[in-house]
Structure formats: structure tokens, C-alpha cells
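Notes for the one structure printed next.
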Amino acid sequence: MDEGKKADEPGAPNVKPRYTKEEFFSRYGVLLILVVMILASSLLSPAFLTGRNMWNVLRQMSIITIIAFGSTLVILAGMIDLSCGSVVALSGVLGTSVYVMTGSISLGLASGMATGGLAGLICGFLVTRFDLPPFIVTLAMMTGARGLVLLYTGGSPIINIGDFTVLGQGDLLSIPVPVLVMFLIYGLVLVLVKRTPYGRYIYAIGGNEAAAVASGIHVRRIKRTTFLLAGLLTGLAGVMLMSRINSGQPAAGLNFELDAITTVVIGGTSLSGGIGTVTGTLAGGVIVAILNNILNLTNVSPYWQQIVKGLVILLAVIMDLKAKGRGRSG
């Protein structure tokens with residue numbers, strides 16, 4: 001009768017659940033990589049851990065990370081957005097142009113975000129109304145938006161933007177405005193994903209769209225909303241970018257879509273959808289920013305930097321595929 005005591009009985013041994021190596025790395029791998037990169041970077045360059053450089057890293061990562069938060073929502077829902085870079089240029093230039101014409105920072109910001117939101121709505125409508133692949137739709141938007149901004153400006157930058165630079169270069173309580181905005185967006189998207197039905201719906205759609213439809217989720221509406229939110233964040237990032245570089249540059253944002261996707265994937269979000277976290281994307285943004293920063297501090301050739309980034313993307317995708325393979329076998 002006394003062969004063994006149950007775990008919940010008095011005097012029973014305190015058995016704690018243990019993670020397998022795969023589960024542990026899946027949960028905490030991004031943070032471990034981040035810690036290793038910080039330690040390695042501090043050894044490679046004594047300038048890395050200085051306060052000035054840390055603020056520089058945060059400021060540099062803010063624009064891409066804001067875009068990446070929107071891309072996280074899209075990818076969690078099992079889709080992809082390749083239009084980010086061109087929409088950044090279009091929304092940023094139009095927002096800057098409105099400021100130059102009106103002198104209102106608020107109108108300039110609102111115009112840029114509205115432009116990004118409209119681009120997102122168009123993508124979402126085309127994807128859901130005609131059942132087109134998001135890859136093709138956003139690829140078309142990437143080309144079209146770039147053409148529109150070049151047509152609008154004639155290929156020339158908008159200069160003399162005055163106080164509009166406060167959005168990208170200003171400080172509030174000694175903290176750069178872009179950094180504050182990045183963490184504010186992080187908090188809002190985190191609450192949206194973890195505390196609202198919408199968050200549960202995008203995970204469900206990305207995990208199994210057919211099951212989501214069968215359970216009564218309005219999949220088309222959620223997809224349109226997801227593209228709208230991603231577009232609004234891209235528009236915000238576009239305005240802040242133009243403010244930071246002190247001009248409306250129609251050629252800005254090149255390859256931003258790849259940088260955003262890289263940030264999301266390194267942060268642990270699966271390209272097949274349904275798996276990932278907003279916090280992981282923030283950590284991915286820090287990892288990418290540290291990588292760029294230490295390559296610059298150690299005077300690595302820009303050509304080699306591109307090769308290293310390509311290898312990082314490849315490694316992240318391989319890890320994603322292996323994680324999914326373990327999930328199927330388990």
C-alpha cells in the first residue's frame with residue numbers, strides 16, 4: 001500500500017518539471033544568444049558598452065523594430081509583407097511634404113501613418129477578396145509604392161523640413177524620441193497580442209487557417225486588420241526615418257522589408273505562422289542592432305557585413321525548420 005506517495009501528498013518528494021534541451025532553447029534561446037553577443041562584443045571593442053554607444057544602438061534599431069512589430073503580426077497570421085521598404089519611403093515622403101506645406105508636425109505624422117495604413121488596407125483587400133498570395137500582392141505593392149514616391153518627387157529629396165526633425169532626432173527626458181516610441185509600440189502590440197481576442201485569432205489563423213474558419217473566426221477580417229496595423233506602423237516608421245535623416249528621401253527604405261523579416265525570424269517567430277512572440281521580436285531587433293554595431297566598431301568591410309547578415313538569416317531559417325521538425329516528430 002505504501003509503495004509510493006503521490007506528488008501532491010504531504011511528505012512526497014518535490015518533483016519539478018524539467019525542460020528538454022530543445023524546449024529550453026526554444027523558450028530561452030534568443031535571450032541566450034543576446035547575452036553571448038553582448039559579452040563577445042564587449043570583448044571585441046572597449047567602446048561597445050559605453051553609454052553613448054548603447055543609446056546609439058537603441059536609436060539605430062528603433063525604426064526597423066517598429067516595422068518588425070507589424071511584420072510580426074503579419075507572419076504570425078501565416079502571411080508575409082514585402083512592401084515595407086517602399087511604403088516607408090512613400091509614407092515618409094508624403095508626411096514630410098504635408099509638414100512642409102502646413103507647418104504642422106501632427107498633420108505630417110498623421111498623413112504618413114494614413115498613407116501606410118492605406119497601403120496595408122489595399123494589400124489586405126487584395127489578399128482576402130481575390131484569394132491572392134500575400135507574397136505576390138506585397139511584391140506588387142513594393143514596386144508600385146516605390147514608383148509612386150519617385151513620381152511624386154521626381155526623384156528629388158524634400159529638404160528644409162525644420163522642426164519636423166524632432167520626431168527622429170529629438171529627446172524626451174534625455175531619452176531619444178524614436179527609442180521611446182519603439183518601447184511604446186512594443187507595449188501596445190504586446191497587450192494586443194496577449195490580452196485581446198484579436199491576438200488569439202492571429203495565432204489560430206497562422207497555426208491552422210481551416211480550423212480557424214471552422215471555429216467561427218472571421219479570417220478575412222482579421223487578415224485585413226493585420227495588414228492595416230502593419231501599414232500604420234510602417235507609416236509611423238517612415239515619418240520617423242525622414243525626420244531622422246532631415247529630408248524626405250524617395251530612395252529611402254531599401255531592403256527594410258528584409259531587415260524587418262530578419263528581425264522577426266531571429267526573434268523566434270516561425271515563417272509558417274502561429275508561433276512567435278512580440279518580446280522575441282524586440283530581442284531580435286537588439287541582436288541585429290548589436291551585430292551591425294560591432295561590425296562597424298571593428299571596421300569590418302561593408303561587403304563582409306552583407307555576407308554575415310545573409311548567413312545569420314540562413315541560420316535563423318534553419319533553426320526555424322528544425323524546431324518545426326521536432327514539433328511534428330513530438
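Ligands are numbered from 1 in the order shown, chains are lettered A, B, ... in the order of the C-alpha cells, and residues start at 1 in each chain.
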- Task: Would you list the contacts of A:Val30 as a list in words, taking every protein, DNA or RNA residue within 9 Å and counting only C-alpha atoms, but skipping same-chain residues closer than 2 positions in sequence?
- Result: Phe25, Ser26, Arg27, Tyr28, Leu32, Ile33, Leu34, Val35, Ile266, Gly267, Gly268, Gly280, Ala283, Gly284 and Ile287 of chain A
Write to file, as a CSV table (one decimal), in the first residue's frame, the residues of the selection just made, with C-alpha atoms.
```
chain,number,residue,atom,x,y,z
A,25,PHE,CA,16.5,26.5,-26.3
A,26,SER,CA,13.1,27.2,-27.9
A,27,ARG,CA,12.0,29.2,-24.9
A,28,TYR,CA,15.2,31.0,-24.0
A,32,LEU,CA,21.0,33.3,-24.5
A,33,ILE,CA,22.2,34.4,-28.0
A,34,LEU,CA,21.7,38.0,-26.9
A,35,VAL,CA,23.8,37.6,-23.7
A,266,ILE,CA,15.8,35.8,-35.3
A,267,GLY,CA,13.3,36.7,-32.6
A,268,GLY,CA,11.9,33.2,-32.9
A,280,GLY,CA,11.2,37.8,-29.2
A,283,ALA,CA,15.2,40.8,-28.7
A,284,GLY,CA,15.7,40.0,-32.4
A,287,ILE,CA,20.6,41.2,-31.8
```
- Task: Fewer than 4 positions away in the same chain doesn't count, so skip those; otherwise give me all residues within 8 Å of stretch 68-83 of chain A, counting only C-alpha atoms, as a PyMOL selection string.
- Result: chain A and resi 64+87+134-135+138-143+145+185-186+189+202-207+223+226-227+229-231+233-234+257-258+260-261+263-264+269-278+281-282
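Residues of stretch 158-187 of chain A that DSSP places in strand (DSSP E), based on the backbone of this structure, are Asp171, Leu172, Ile175 and Pro176 of chain A.
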- Query: If you measure from atom CA of A:Tyr198 to atom CA of A:Arg224, what distance in Å do you get, rounded to one decimal?
  - Reply: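 Atom-to-atom, atom CA of A:Tyr198 to atom CA of A:Arg224, that is 11.9 Å.
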- In Å, how far is it from atom CA of A:Leu291 to atom CA of A:Gly85?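 For atom CA of A:Leu291 relative to atom CA of A:Gly85, the distance reads 20.6 Å.
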- Message: At a cut-off of 12 Å, using only C-alpha atoms, what residues contact A:Leu148? Leave out same-chain residues fewer than 2 positions from it and give the result as a ChimeraX atom specification.
- Response: /A:86-87,89-91,93-94,115,119,141-146,150-155,250-251
- Task: One decimal, Å: what's the distance from atom CA of A:Gly51 over to atom CA of A:Leu31, could you say?
- Result: 21.1 Å
- Task: Could you give me the residues within stretch 129-315 of chain A that DSSP places in alpha helix (DSSP H), as a ChimeraX atom specification?
- Result: /A:129,134-153,166-169,177-195,197-207,209-214,219-245,256-266,278-297,302-315
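When only C-alpha atoms are used to compute distances to A:Val177, the closest of the residues A:Phe48, A:Trp55, A:Phe256, A:Tyr99 turns out to be A:Trp55.
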